[in-house]
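Undergrad: Sharing a structure below in structure tokens format, with a few things to ask.
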Amino acid sequence: MGIISGATIITSLSLFHITLAFFFLTNPITIADQTLVFIIGEAMGLPHVRSFETQSPPLAFLAAVLLVVGVSDLVSVSLPEEISQYHWGSQAPVRLVLFFFITLYSFAFSDNSPLYAINTYRPSSWGEGLKNRVLFTWAFVEMITWFWVFVTLREERREIALRIQQRRAVEEDMM
């Protein structure tokens with residue numbers, strides 16, 4: 001068993017979502033100015049986005065979505081252990097894959113991508129807003145965290161199965 005349980009990681013991630021929701025609603029520039037966002041953005045050559053400098057309706061909507069996701073994840077992680085294990089055992093790989101593709105898209109199709117030769121990049125009409133350092137950093141951190149959750153839940157699954165087996169053996173002995 002790992003040092004930190006899957007439920008603890010998911011709870012921390014849910015509280016992170018709620019915190020992000022607060023900052024997106026009140027002062028979004030604090031997120032864009034974070035050191036981690038700057039370092040990863042510079043390392044990957046992703047552009048700085050000026051739309052995070054002021055509050056806007058899309059950022060308020062994002063805050064509402066992150067709040068709902070954070071609270072619903074907190075509720076679902078508090079379910080009984082066997083149900084929670086089943087739920088998160090199916091959610092973790094799906095979220096891992098989704099955030100992998102968001103991270104991949106955000107970098108691979110940006111203007112600094114190694115896929116494009118010099119001066120051959122042409123901006124798309126619909127996905128340019130997804131190619132920035134804030135989104136890339138958020139999706140990258142989510143992807144790493146969901147991989148951690150996935151691996152931790154796989155380890156915990158064996159222990160839970162052993163406890164269920166032992167409980168059933170005790171119940172059979174009582175009958």
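In the structure tokens, the first chain shown is A, the next is B, and so on; residue numbers restart at 1 for each chain, and ligands run from 1 in the order shown.
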Using DSSP on the backbone coordinates, identify the residues of region 5-169 of chain A assigned to alpha helix (DSSP H); present them as number ranges by chain.

TA: A: 6-26, 29-32, 35-44, 57-77, 81-108, 133-169

Undergrad: For the selection just defined, write its residues with C-alpha atoms to a file, as a tab-separated table (two decimals), in the first residue's frame.

TA:
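Contents of out14.tsv, freshly written:
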chain	number	residue	atom	x	y	z
A	6	GLY	CA	-6.45	7.00	-3.45
A	7	ALA	CA	-9.24	8.63	-1.46
A	8	THR	CA	-6.80	11.17	-0.03
A	9	ILE	CA	-5.44	12.01	-3.48
A	10	ILE	CA	-8.95	12.42	-4.90
A	11	THR	CA	-10.01	14.55	-1.92
A	12	SER	CA	-6.96	16.77	-2.42
A	13	LEU	CA	-7.71	17.07	-6.13
A	14	SER	CA	-11.33	17.97	-5.36
A	15	LEU	CA	-10.22	20.69	-2.97
A	16	PHE	CA	-7.78	21.88	-5.65
A	17	HIS	CA	-10.72	22.19	-8.08
A	18	ILE	CA	-12.72	24.18	-5.53
A	19	THR	CA	-9.71	26.45	-4.92
A	20	LEU	CA	-9.27	26.98	-8.66
A	21	ALA	CA	-12.96	27.83	-8.91
A	22	PHE	CA	-12.54	30.50	-6.23
A	23	PHE	CA	-9.57	32.09	-7.97
A	24	PHE	CA	-11.14	31.95	-11.43
A	25	LEU	CA	-14.16	33.74	-10.00
A	26	THR	CA	-12.37	36.35	-7.89
A	29	ILE	CA	-4.56	36.50	-12.91
A	30	THR	CA	-3.24	34.78	-9.77
A	31	ILE	CA	-3.53	31.45	-11.60
A	32	ALA	CA	-1.85	32.71	-14.78
A	35	THR	CA	5.46	29.97	-10.99
A	36	LEU	CA	4.53	26.45	-12.13
A	37	VAL	CA	2.45	27.86	-14.99
A	38	PHE	CA	5.30	30.15	-16.00
A	39	ILE	CA	8.01	27.48	-15.86
A	40	ILE	CA	6.03	24.83	-17.74
A	41	GLY	CA	4.75	27.38	-20.24
A	42	GLU	CA	8.23	28.69	-20.97
A	43	ALA	CA	9.70	25.20	-21.18
A	44	MET	CA	7.06	24.13	-23.69
A	57	PRO	CA	-18.24	35.53	-17.99
A	58	PRO	CA	-16.38	32.52	-19.48
A	59	LEU	CA	-14.08	32.42	-16.44
A	60	ALA	CA	-17.09	32.63	-14.12
A	61	PHE	CA	-18.62	29.71	-16.00
A	62	LEU	CA	-15.34	27.79	-15.66
A	63	ALA	CA	-15.38	28.55	-11.92
A	64	ALA	CA	-18.92	27.17	-11.64
A	65	VAL	CA	-17.96	24.00	-13.53
A	66	LEU	CA	-14.87	23.45	-11.38
A	67	LEU	CA	-16.92	24.00	-8.22
A	68	VAL	CA	-19.52	21.44	-9.30
A	69	VAL	CA	-16.82	18.91	-10.26
A	70	GLY	CA	-14.97	19.46	-6.99
A	71	VAL	CA	-18.04	19.10	-4.78
A	72	SER	CA	-19.41	16.08	-6.68
A	73	ASP	CA	-16.02	14.36	-6.48
A	74	LEU	CA	-15.90	15.04	-2.73
A	75	VAL	CA	-19.33	13.46	-2.34
A	76	SER	CA	-18.48	10.41	-4.44
A	77	VAL	CA	-15.17	9.80	-2.66
A	81	GLU	CA	-15.05	1.83	0.28
A	82	GLU	CA	-16.19	-0.91	-2.10
A	83	ILE	CA	-18.51	1.40	-4.04
A	84	SER	CA	-15.93	4.18	-4.13
A	85	GLN	CA	-13.28	1.74	-5.36
A	86	TYR	CA	-15.58	0.58	-8.15
A	87	HIS	CA	-16.53	4.16	-9.13
A	88	TRP	CA	-13.01	5.58	-9.10
A	89	GLY	CA	-11.57	2.44	-10.65
A	90	SER	CA	-13.54	3.28	-13.77
A	91	GLN	CA	-13.24	7.07	-13.54
A	92	ALA	CA	-9.47	7.29	-13.10
A	93	PRO	CA	-8.44	5.70	-16.44
A	94	VAL	CA	-11.08	7.67	-18.34
A	95	ARG	CA	-9.96	10.97	-16.84
A	96	LEU	CA	-6.32	10.03	-17.35
A	97	VAL	CA	-6.89	9.45	-21.07
A	98	LEU	CA	-8.99	12.60	-21.47
A	99	PHE	CA	-6.38	14.80	-19.81
A	100	PHE	CA	-3.64	13.10	-21.83
A	101	PHE	CA	-5.38	14.11	-25.05
A	102	ILE	CA	-6.05	17.65	-23.82
A	103	THR	CA	-2.37	17.99	-22.89
A	104	LEU	CA	-1.29	16.50	-26.20
A	105	TYR	CA	-3.58	18.78	-28.21
A	106	SER	CA	-2.57	21.87	-26.26
A	107	PHE	CA	1.10	21.35	-27.10
A	108	ALA	CA	1.23	19.29	-30.29
A	133	ARG	CA	0.21	27.68	-20.83
A	134	VAL	CA	-2.59	27.82	-18.25
A	135	LEU	CA	-4.63	25.07	-19.90
A	136	PHE	CA	-1.54	22.97	-20.64
A	137	THR	CA	-0.28	23.20	-17.05
A	138	TRP	CA	-3.70	22.40	-15.60
A	139	ALA	CA	-4.22	19.41	-17.93
A	140	PHE	CA	-0.67	18.18	-17.31
A	141	VAL	CA	-1.07	18.33	-13.51
A	142	GLU	CA	-4.46	16.61	-13.80
A	143	MET	CA	-2.98	13.91	-16.02
A	144	ILE	CA	-0.15	13.21	-13.57
A	145	THR	CA	-2.56	13.18	-10.63
A	146	TRP	CA	-5.02	10.83	-12.32
A	147	PHE	CA	-2.17	8.48	-13.21
A	148	TRP	CA	-1.18	8.51	-9.55
A	149	VAL	CA	-4.78	7.80	-8.54
A	150	PHE	CA	-5.01	4.97	-11.09
A	151	VAL	CA	-1.83	3.29	-9.84
A	152	THR	CA	-2.80	3.74	-6.18
A	153	LEU	CA	-6.29	2.33	-6.73
A	154	ARG	CA	-4.82	-0.69	-8.50
A	155	GLU	CA	-2.66	-1.37	-5.45
A	156	GLU	CA	-5.58	-0.86	-3.07
A	157	ARG	CA	-7.84	-3.14	-5.09
A	158	ARG	CA	-5.80	-6.19	-4.09
A	159	GLU	CA	-6.00	-5.29	-0.40
A	160	ILE	CA	-9.75	-4.67	-0.56
A	161	ALA	CA	-10.32	-8.00	-2.32
A	162	LEU	CA	-8.29	-9.76	0.39
A	163	ARG	CA	-10.34	-8.09	3.16
A	164	ILE	CA	-13.61	-9.07	1.45
A	165	GLN	CA	-12.40	-12.63	1.11
A	166	GLN	CA	-11.42	-12.76	4.78
A	167	ARG	CA	-14.77	-11.27	5.83
A	168	ARG	CA	-16.64	-13.86	3.78
A	169	ALA	CA	-14.56	-16.66	5.29

Undergrad: With only C-alpha atoms as the basis for distance, which of A:Gln55, A:Val49, A:Met174, A:Ser78 is at the shortest distance from Glu128 (chain A)?

TA: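 Nearest to Glu128 (chain A): A:Val49.
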
Undergrad: Please report the interatomic distance between CA of Leu46 (chain A) and CA of Asn112 (chain A) in Å with one decimal.

TA: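 CA of Asn112 (chain A) lies at a distance of 6.9 Å from CA of Leu46 (chain A).
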